[in-house]
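Reproduced below: input_3.cif, with mmCIF, C-alpha atoms.
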```cif
data_entry
loop_
_atom_site.label_atom_id
_atom_site.label_comp_id
_atom_site.auth_asym_id
_atom_site.auth_seq_id
_atom_site.Cartn_x
_atom_site.Cartn_y
_atom_site.Cartn_z
CA GLY A 1 23.39 -18.94 -28.47
CA ASN A 2 21.58 -20.88 -31.15
CA CYS A 3 23.20 -21.29 -34.53
CA GLU A 4 20.95 -21.84 -37.56
CA ILE A 5 22.11 -22.61 -41.08
CA HIS A 6 20.22 -20.69 -43.76
CA LEU A 7 20.08 -22.18 -47.25
CA ASP A 8 17.87 -20.60 -49.88
CA ASP A 9 15.56 -22.81 -51.93
CA VAL A 10 17.68 -22.65 -55.09
CA PRO A 11 19.32 -25.17 -57.46
CA LEU A 12 22.49 -26.38 -55.76
CA SER A 13 24.25 -27.42 -58.94
CA GLY A 14 24.97 -25.48 -62.09
CA VAL A 15 24.51 -21.91 -63.23
CA PHE A 16 21.09 -20.32 -63.61
CA THR A 17 19.30 -16.98 -64.08
CA LEU A 18 16.15 -15.53 -62.54
CA ALA A 19 14.28 -16.22 -65.80
CA GLU A 20 15.09 -19.93 -65.42
CA TYR A 21 14.31 -19.96 -61.69
CA PRO A 22 11.76 -17.25 -60.76
CA ARG A 23 11.42 -18.72 -57.24
CA LEU A 24 14.73 -17.04 -56.48
CA LEU A 25 12.63 -13.94 -55.71
CA LEU A 26 11.18 -15.83 -52.74
CA ALA A 27 14.67 -16.28 -51.25
CA SER A 28 15.74 -14.10 -48.35
CA PRO A 29 16.80 -10.67 -49.65
CA ASN A 30 19.76 -10.55 -47.23
CA ALA A 31 22.97 -8.99 -48.49
CA TRP A 32 25.18 -10.90 -46.07
CA ASN A 33 24.80 -14.31 -47.74
CA ARG A 34 25.65 -13.18 -51.29
CA ILE A 35 28.91 -12.69 -53.14
CA TYR A 36 28.91 -10.33 -56.15
CA ARG A 37 31.49 -9.38 -58.73
CA ARG A 38 32.51 -5.73 -58.31
CA SER A 39 32.07 -5.25 -62.07
CA PHE A 40 28.38 -6.20 -61.74
CA PHE A 41 27.80 -3.15 -59.51
CA MET A 42 29.87 -0.91 -61.76
CA GLU A 43 28.01 -1.97 -64.93
CA SER A 44 24.48 -2.05 -63.48
CA GLY A 45 24.83 1.19 -61.49
CA ILE A 46 22.87 -0.46 -58.64
CA ARG A 47 23.94 0.39 -55.10
CA TYR A 48 22.83 -0.53 -51.60
CA PRO A 49 21.38 2.76 -50.28
CA GLY A 50 22.50 4.07 -46.89
CA ARG A 51 20.36 5.17 -43.93
CA VAL A 52 17.15 3.45 -45.04
CA TRP A 53 15.44 0.38 -43.71
CA PHE A 54 14.80 -2.58 -46.04
CA GLU A 55 17.76 -1.66 -48.26
CA ASP A 56 18.23 -5.36 -49.04
CA ILE A 57 14.79 -5.71 -50.69
CA ARG A 58 15.44 -2.57 -52.75
CA THR A 59 18.78 -3.89 -53.96
CA THR A 60 19.16 -7.69 -53.91
CA MET A 61 15.97 -8.25 -55.92
CA LYS A 62 17.18 -5.86 -58.65
CA LEU A 63 20.55 -7.60 -58.84
CA PHE A 64 18.79 -10.97 -59.19
CA ALA A 65 16.83 -9.66 -62.18
CA LEU A 66 19.92 -8.38 -64.01
CA ALA A 67 22.36 -11.20 -63.20
CA GLN A 68 23.34 -13.37 -66.17
CA HIS A 69 25.12 -15.98 -64.06
CA ILE A 70 23.91 -17.14 -60.63
CA GLU A 71 25.33 -20.06 -58.73
CA ALA A 72 24.53 -21.41 -55.25
CA VAL A 73 27.22 -22.34 -52.73
CA PRO A 74 25.80 -24.77 -50.14
CA GLU A 75 28.56 -24.24 -47.53
CA ALA A 76 28.21 -21.73 -44.69
CA PHE A 77 31.06 -19.19 -44.88
CA TYR A 78 29.50 -16.35 -42.94
CA TYR A 79 28.32 -16.06 -39.36
CA TYR A 80 25.66 -13.43 -38.67
CA VAL A 81 24.88 -12.21 -35.17
CA VAL A 82 21.36 -10.84 -34.58
CA ARG A 83 21.53 -7.76 -32.38
CA GLU A 84 18.73 -6.37 -30.24
CA GLY A 85 18.81 -3.17 -32.30
CA SER A 86 18.00 -4.90 -35.58
CA ILE A 87 14.88 -3.88 -37.52
CA THR A 88 12.88 -6.91 -36.51
CA ARG A 89 13.41 -6.05 -32.83
CA ASN A 90 13.10 -2.27 -33.12
CA ALA A 91 10.19 -0.67 -31.23
CA ASN A 92 9.78 2.25 -33.65
CA ALA A 93 6.52 1.27 -35.40
CA ALA A 94 6.50 4.27 -37.77
CA ARG A 95 9.72 3.30 -39.52
CA ASN A 96 8.04 0.15 -40.83
CA ARG A 97 6.34 2.46 -43.33
CA GLU A 98 9.64 2.45 -45.22
CA ILE A 99 8.78 -1.06 -46.46
CA LEU A 100 6.22 0.61 -48.79
CA GLU A 101 8.85 2.99 -50.17
CA ALA A 102 11.17 0.01 -50.71
CA PHE A 103 8.47 -1.82 -52.68
CA ASP A 104 7.54 1.30 -54.69
CA ASP A 105 11.20 1.51 -55.68
CA LEU A 106 11.45 -2.20 -56.51
CA LEU A 107 8.19 -2.37 -58.51
CA ALA A 108 9.15 0.76 -60.48
CA PHE A 109 12.48 -0.88 -61.37
CA TYR A 110 10.76 -4.11 -62.52
CA ARG A 111 8.24 -2.16 -64.63
CA GLN A 112 10.93 0.03 -66.15
CA HIS A 113 12.94 -3.05 -67.25
CA GLY A 114 9.90 -4.92 -68.57
CA PHE A 115 10.14 -7.60 -65.86
CA TYR A 116 6.97 -6.82 -63.92
CA GLU A 117 4.52 -8.97 -65.90
CA ILE A 118 6.91 -11.92 -65.92
CA TYR A 119 7.49 -11.96 -62.15
CA GLN A 120 4.15 -10.61 -60.90
CA ASN A 121 3.33 -13.71 -58.80
CA GLU A 122 6.77 -13.79 -57.20
CA LEU A 123 6.74 -10.04 -56.42
CA CYS A 124 3.26 -10.41 -54.94
CA ARG A 125 4.40 -13.27 -52.69
CA LEU A 126 7.42 -11.17 -51.68
CA ALA A 127 5.02 -8.36 -50.68
CA ILE A 128 2.81 -10.82 -48.77
CA ASP A 129 5.86 -12.00 -46.80
CA HIS A 130 7.52 -8.64 -46.14
CA ILE A 131 4.64 -6.15 -46.01
CA TYR A 132 1.44 -7.99 -45.23
CA LEU A 133 2.83 -10.54 -42.79
CA ALA A 134 6.17 -9.36 -41.35
CA ALA A 135 5.68 -5.57 -41.22
CA SER A 136 2.04 -5.89 -40.06
CA VAL A 137 3.03 -8.23 -37.23
CA ARG A 138 5.97 -5.99 -36.20
CA VAL A 139 3.63 -2.99 -36.01
CA LEU A 140 0.76 -4.72 -34.22
CA MET A 141 3.13 -6.12 -31.59
CA ILE A 142 3.91 -2.47 -30.74
CA ASP A 143 0.47 -0.91 -31.30
CA ARG A 144 -2.66 -2.80 -32.40
CA LYS A 145 -4.45 0.43 -33.36
CA ASN A 146 -1.68 1.81 -35.54
CA PRO A 147 -3.01 3.25 -38.87
CA LEU A 148 -0.11 1.55 -40.66
CA LEU A 149 -2.00 -1.76 -40.42
CA SER A 150 -4.76 -0.52 -42.71
CA GLU A 151 -2.18 1.26 -44.89
CA PHE A 152 -0.35 -2.04 -45.48
CA ALA A 153 -3.65 -3.77 -46.36
CA ALA A 154 -4.58 -0.92 -48.73
CA TYR A 155 -1.15 -1.14 -50.40
CA MET A 156 -1.67 -4.85 -51.05
CA ARG A 157 -5.13 -4.23 -52.58
CA ALA A 158 -3.87 -1.36 -54.76
CA ASN A 159 -0.65 -2.96 -56.02
CA PHE A 160 -1.57 -6.65 -56.00
CA PRO A 161 -5.31 -6.96 -56.60
CA GLY A 162 -6.26 -10.61 -56.11
CA TYR A 163 -3.23 -11.24 -53.84
CA GLN A 164 -5.52 -13.61 -51.88
CA ASN A 165 -5.31 -16.02 -54.84
CA ASN A 166 -1.54 -15.96 -55.25
CA PRO A 167 -0.38 -19.47 -56.29
CA TYR A 168 2.51 -19.35 -53.78
CA LEU A 169 0.16 -18.89 -50.81
CA LYS A 170 -0.32 -22.63 -50.47
CA GLU A 171 3.38 -22.90 -49.61
CA LEU A 172 3.06 -20.71 -46.49
CA SER A 173 3.74 -22.49 -43.23
CA LYS A 174 0.72 -23.17 -40.99
CA PRO A 175 1.47 -20.28 -38.56
CA ARG A 176 1.86 -17.88 -41.49
CA ARG A 177 -1.35 -19.11 -43.11
CA LEU A 178 -3.13 -18.48 -39.83
CA ALA A 179 -1.56 -15.01 -39.54
CA PHE A 180 -2.63 -14.25 -43.13
CA SER A 181 -6.21 -15.25 -42.45
CA LEU A 182 -6.35 -13.23 -39.19
CA LEU A 183 -4.99 -10.16 -41.02
CA GLU A 184 -7.68 -10.58 -43.68
CA LYS A 185 -10.29 -10.51 -40.91
CA LYS A 186 -8.52 -7.62 -39.12
CA ARG A 187 -8.28 -9.79 -35.98
CA TYR A 188 -5.28 -7.88 -34.68
CA GLY A 189 -5.91 -8.72 -31.01
CA THR A 190 -5.89 -12.46 -31.72
CA LEU A 191 -2.71 -12.12 -33.80
CA TYR A 192 -1.04 -10.18 -31.01
CA LEU A 193 -1.83 -12.93 -28.50
CA LEU A 194 -0.70 -15.61 -30.94
CA PHE A 195 2.72 -13.99 -31.48
CA ARG A 196 3.15 -13.02 -27.85
CA ALA A 197 2.54 -16.65 -26.87
CA LYS A 198 5.23 -17.72 -29.36
CA GLY A 199 7.65 -15.30 -27.69
CA HIS A 200 8.42 -13.16 -30.75
#
```

For this file, produce the structure as structure tokens.
Amino acid sequence: GNCEIHLDDVPLSGVFTLAEYPRLLLASPNAWNRIYRRSFFMESGIRYPGRVWFEDIRTTMKLFALAQHIEAVPEAFYYYVVREGSITRNANAARNREILEAFDDLLAFYRQHGFYEIYQNELCRLAIDHIYLAASVRVLMIDRKNPLLSEFAAYMRANFPGYQNNPYLKELSKPRRLAFSLLEKKRYGTLYLLFRAKGH
């Protein structure tokens, strides 16, 4: 099959923290391309939860906020095989609702630690990527009339008022910008055809 190399958009030399590089929150939340010290988990008390979807968003983004020493390794040491049963390919539309629980958990953590104001733009862009774009598209590919679509939109309005003016929006790729604008207009049928044509 195809092999892609994933490198996050992070400084490739030297040590940094989230405070010095807030864009780290726009990196993929995957657990499989990170290495942590065991003591970091022991001291922070943070754990990857079992049996939930989107456990990486709940966990990786908290670890980023607390880490005092982050370094990027540009080499690929890990090979990840995408299975048909993975979340992005799962036909159970209802379970996508768990993305909202994951964000409730994450936003509560950021507020509790006094980080929310500092990283509001980055958290909003994270929500645009993972809730408004990815989860909406996953659901509408299964069922264009699913009430989750309006629930995701309502969540964005309630938790990120003014998300339409997020400064990171201009960095979205053209297809994602188009998807964003079609979601804003509730043009779910058009979006469905667009993604079906792309073979997602």

Problem - Residues in the PyMOL selection byres ((chain A and resi 100) around 12), expressed as a PyMOL selection string - result: chain A and resi 52-55+57-58+94-99+101-107+127-128+130-132+135-136+148-149+151-156+158-159

Handout entry: Selection result for the PyMOL selection byres ((chain A and resi 168-171) around 12) on this file, as a ChimeraX atom specification
Key = /A:22-23,25-26,120-129,133,162-167,172-178,180-181

Practice task
Could you jot down the atom CA of Ala65 of chain A to atom CA of Gly14 of chain A separation for me, Å, one decimal place?
Solution key: 17.8 Å

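Rounded to one decimal, atom CA of Val73 of chain A and atom CA of Pro11 of chain A lie 9.6 Å from each other.
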
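Comparing the minimum interatomic distances between Phe195 of chain A and each of A:Ser13, A:Ile35, A:Val139, A:Asn146, counting all atoms listed in the file, we find that A:Val139 sits nearest.
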
Result set of the PyMOL selection byres ((chain A and resi 29) around 7) on the coordinates above, as a PDB file with C-alpha atoms, in the coordinates of the input:
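What follows is the written file selection.pdb:
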```pdb
ATOM      1  CA  ALA A  27      14.670 -16.280 -51.250  1.00  0.00           C
ATOM      2  CA  SER A  28      15.740 -14.100 -48.350  1.00  0.00           C
ATOM      3  CA  ASN A  30      19.760 -10.550 -47.230  1.00  0.00           C
ATOM      4  CA  ALA A  31      22.970  -8.990 -48.490  1.00  0.00           C
ATOM      5  CA  ASP A  56      18.230  -5.360 -49.040  1.00  0.00           C
ATOM      6  CA  ILE A  57      14.790  -5.710 -50.690  1.00  0.00           C
ATOM      7  CA  THR A  60      19.160  -7.690 -53.910  1.00  0.00           C
ATOM      8  CA  MET A  61      15.970  -8.250 -55.920  1.00  0.00           C
TER       9      MET A  61
END
```

Completion exercise
Taken to one decimal, the atom CA of Leu24 of chain A-atom CA of Leu12 of chain A distance is 12.2 Å

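For the choices A:Ala67, A:Leu7, A:Ile118, A:Ala93, the atom-to-atom distance to Arg37 of chain A is smallest for A:Ala67 when using all atoms listed in the file.
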
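Take the candidates A:Arg138, A:Arg34, A:Ala72, A:Tyr48 and check each one against Asp9 of chain A using all atoms listed in the file; the shortest distance goes to A:Ala72.
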
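By chain and then residue number, the residues within 7 Å of Ile70 of chain A are Val15, Phe16 and Thr17 of chain A, counting all atoms listed in the file and disregarding those fewer than 5 positions away in sequence.
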
Practice task
Please provide as a PyMOL selection string all residues within 8 Å of segment 186-190 of chain A, with the sequence filter that same-chain residues fewer than 3 positions apart are discarded (counting all atoms listed in the file).
Solution key: chain A and resi 140+144+182-183+193-194

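Each of A:Met141, A:Met42, A:Ile5, A:Val81 was compared to Lys198 of chain A using only C-alpha atoms, and A:Met141 turns out to be the nearest.
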
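Nearest residue to Asp143 of chain A among A:Ser39, A:Asn92, A:Ser44, A:Gln112 is A:Asn92, counting only C-alpha atoms.
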
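Ranking A:Leu18, A:Val10, A:Ala108, A:Val137 by their shortest atom-to-atom distance to Arg196 of chain A, with all atoms listed in the file included, puts A:Val137 first.
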
Mind writing segment 59-158 of chain A to a file for me, with C-alpha atoms, as a PDB file, in the first residue's frame?
```pdb
ATOM      1  CA  THR A  59      -4.884  13.303  26.394  1.00  0.00           C
ATOM      2  CA  THR A  60      -2.142  14.496  24.016  1.00  0.00           C
ATOM      3  CA  MET A  61      -3.312  18.128  24.158  1.00  0.00           C
ATOM      4  CA  LYS A  62      -3.177  18.101  27.978  1.00  0.00           C
ATOM      5  CA  LEU A  63       0.329  16.641  27.964  1.00  0.00           C
ATOM      6  CA  PHE A  64       1.453  19.358  25.528  1.00  0.00           C
ATOM      7  CA  ALA A  65       0.210  22.047  27.921  1.00  0.00           C
ATOM      8  CA  LEU A  66       2.061  20.629  30.933  1.00  0.00           C
ATOM      9  CA  ALA A  67       5.320  19.582  29.252  1.00  0.00           C
ATOM     10  CA  GLN A  68       8.366  21.637  30.229  1.00  0.00           C
ATOM     11  CA  HIS A  69      10.622  20.133  27.577  1.00  0.00           C
ATOM     12  CA  ILE A  70       9.458  19.236  24.051  1.00  0.00           C
ATOM     13  CA  GLU A  71      11.741  18.225  21.231  1.00  0.00           C
ATOM     14  CA  ALA A  72      10.970  17.092  17.673  1.00  0.00           C
ATOM     15  CA  VAL A  73      12.610  14.059  16.069  1.00  0.00           C
ATOM     16  CA  PRO A  74      12.410  14.324  12.258  1.00  0.00           C
ATOM     17  CA  GLU A  75      13.108  10.622  11.556  1.00  0.00           C
ATOM     18  CA  ALA A  76      10.307   8.082  11.065  1.00  0.00           C
ATOM     19  CA  PHE A  77      10.647   5.296  13.664  1.00  0.00           C
ATOM     20  CA  TYR A  78       7.091   4.015  13.672  1.00  0.00           C
ATOM     21  CA  TYR A  79       4.952   2.438  10.985  1.00  0.00           C
ATOM     22  CA  TYR A  80       1.193   2.769  11.422  1.00  0.00           C
ATOM     23  CA  VAL A  81      -1.264   0.605   9.507  1.00  0.00           C
ATOM     24  CA  VAL A  82      -4.754   2.062   8.956  1.00  0.00           C
ATOM     25  CA  ARG A  83      -7.367  -0.644   9.438  1.00  0.00           C
ATOM     26  CA  GLU A  84     -10.877  -0.655   8.004  1.00  0.00           C
ATOM     27  CA  GLY A  85     -12.267  -0.664  11.554  1.00  0.00           C
ATOM     28  CA  SER A  86     -10.628   2.626  12.520  1.00  0.00           C
ATOM     29  CA  ILE A  87     -12.810   5.544  13.649  1.00  0.00           C
ATOM     30  CA  THR A  88     -12.501   7.437  10.399  1.00  0.00           C
ATOM     31  CA  ARG A  89     -13.885   4.425   8.507  1.00  0.00           C
ATOM     32  CA  ASN A  90     -16.497   3.341  11.057  1.00  0.00           C
ATOM     33  CA  ALA A  91     -20.132   3.478   9.911  1.00  0.00           C
ATOM     34  CA  ASN A  92     -21.561   4.146  13.389  1.00  0.00           C
ATOM     35  CA  ALA A  93     -22.579   7.817  13.049  1.00  0.00           C
ATOM     36  CA  ALA A  94     -23.805   8.157  16.649  1.00  0.00           C
ATOM     37  CA  ARG A  95     -20.407   7.471  18.200  1.00  0.00           C
ATOM     38  CA  ASN A  96     -19.069  10.654  16.602  1.00  0.00           C
ATOM     39  CA  ARG A  97     -20.945  12.476  19.367  1.00  0.00           C
ATOM     40  CA  GLU A  98     -18.079  11.454  21.660  1.00  0.00           C
ATOM     41  CA  ILE A  99     -15.969  14.181  20.023  1.00  0.00           C
ATOM     42  CA  LEU A 100     -18.065  16.711  22.004  1.00  0.00           C
ATOM     43  CA  GLU A 101     -17.393  14.895  25.272  1.00  0.00           C
ATOM     44  CA  ALA A 102     -13.678  14.840  24.413  1.00  0.00           C
ATOM     45  CA  PHE A 103     -13.689  18.612  23.832  1.00  0.00           C
ATOM     46  CA  ASP A 104     -15.727  19.282  27.005  1.00  0.00           C
ATOM     47  CA  ASP A 105     -13.056  17.365  28.900  1.00  0.00           C
ATOM     48  CA  LEU A 106     -10.180  19.174  27.158  1.00  0.00           C
ATOM     49  CA  LEU A 107     -11.658  22.686  27.524  1.00  0.00           C
ATOM     50  CA  ALA A 108     -12.426  22.060  31.215  1.00  0.00           C
ATOM     51  CA  PHE A 109      -8.787  21.035  31.752  1.00  0.00           C
ATOM     52  CA  TYR A 110      -7.476  24.168  29.980  1.00  0.00           C
ATOM     53  CA  ARG A 111      -9.798  26.432  32.006  1.00  0.00           C
ATOM     54  CA  GLN A 112      -8.915  24.724  35.267  1.00  0.00           C
ATOM     55  CA  HIS A 113      -5.171  25.277  34.641  1.00  0.00           C
ATOM     56  CA  GLY A 114      -5.591  28.881  33.488  1.00  0.00           C
ATOM     57  CA  PHE A 115      -4.534  28.053  29.910  1.00  0.00           C
ATOM     58  CA  TYR A 116      -7.834  28.648  28.125  1.00  0.00           C
ATOM     59  CA  GLU A 117      -7.460  32.379  27.427  1.00  0.00           C
ATOM     60  CA  ILE A 118      -3.876  31.939  26.228  1.00  0.00           C
ATOM     61  CA  TYR A 119      -4.663  29.190  23.712  1.00  0.00           C
ATOM     62  CA  GLN A 120      -8.229  30.118  22.731  1.00  0.00           C
ATOM     63  CA  ASN A 121      -7.422  30.555  19.006  1.00  0.00           C
ATOM     64  CA  GLU A 122      -5.537  27.270  18.820  1.00  0.00           C
ATOM     65  CA  LEU A 123      -8.273  25.335  20.679  1.00  0.00           C
ATOM     66  CA  CYS A 124     -10.874  26.876  18.384  1.00  0.00           C
ATOM     67  CA  ARG A 125      -8.932  25.809  15.279  1.00  0.00           C
ATOM     68  CA  LEU A 126      -8.578  22.325  16.802  1.00  0.00           C
ATOM     69  CA  ALA A 127     -12.381  22.214  17.207  1.00  0.00           C
ATOM     70  CA  ILE A 128     -12.886  23.453  13.630  1.00  0.00           C
ATOM     71  CA  ASP A 129     -10.660  20.619  12.355  1.00  0.00           C
ATOM     72  CA  HIS A 130     -11.947  17.784  14.541  1.00  0.00           C
ATOM     73  CA  ILE A 131     -15.591  18.661  15.212  1.00  0.00           C
ATOM     74  CA  TYR A 132     -16.818  21.033  12.550  1.00  0.00           C
ATOM     75  CA  LEU A 133     -14.965  19.556   9.588  1.00  0.00           C
ATOM     76  CA  ALA A 134     -13.925  15.948  10.295  1.00  0.00           C
ATOM     77  CA  ALA A 135     -16.794  14.717  12.504  1.00  0.00           C
ATOM     78  CA  SER A 136     -19.441  16.549  10.423  1.00  0.00           C
ATOM     79  CA  VAL A 137     -18.130  15.015   7.208  1.00  0.00           C
ATOM     80  CA  ARG A 138     -17.923  11.515   8.766  1.00  0.00           C
ATOM     81  CA  VAL A 139     -21.560  11.798   9.895  1.00  0.00           C
ATOM     82  CA  LEU A 140     -22.948  13.271   6.683  1.00  0.00           C
ATOM     83  CA  MET A 141     -21.259  10.565   4.603  1.00  0.00           C
ATOM     84  CA  ILE A 142     -23.389   8.082   6.582  1.00  0.00           C
ATOM     85  CA  ASP A 143     -26.587  10.137   6.991  1.00  0.00           C
ATOM     86  CA  ARG A 144     -27.124  13.671   5.639  1.00  0.00           C
ATOM     87  CA  LYS A 145     -30.167  14.220   7.882  1.00  0.00           C
ATOM     88  CA  ASN A 146     -28.482  13.199  11.118  1.00  0.00           C
ATOM     89  CA  PRO A 147     -29.275  15.627  14.014  1.00  0.00           C
ATOM     90  CA  LEU A 148     -25.599  15.470  15.024  1.00  0.00           C
ATOM     91  CA  LEU A 149     -24.801  17.880  12.173  1.00  0.00           C
ATOM     92  CA  SER A 150     -26.762  20.692  13.794  1.00  0.00           C
ATOM     93  CA  GLU A 151     -25.471  19.640  17.228  1.00  0.00           C
ATOM     94  CA  PHE A 152     -21.867  20.066  16.050  1.00  0.00           C
ATOM     95  CA  ALA A 153     -22.700  23.512  14.599  1.00  0.00           C
ATOM     96  CA  ALA A 154     -24.449  24.524  17.849  1.00  0.00           C
ATOM     97  CA  TYR A 155     -21.430  23.361  19.877  1.00  0.00           C
ATOM     98  CA  MET A 156     -19.138  25.570  17.791  1.00  0.00           C
ATOM     99  CA  ARG A 157     -21.417  28.616  18.273  1.00  0.00           C
ATOM    100  CA  ALA A 158     -21.750  28.019  22.029  1.00  0.00           C
TER     101      ALA A 158
END
```
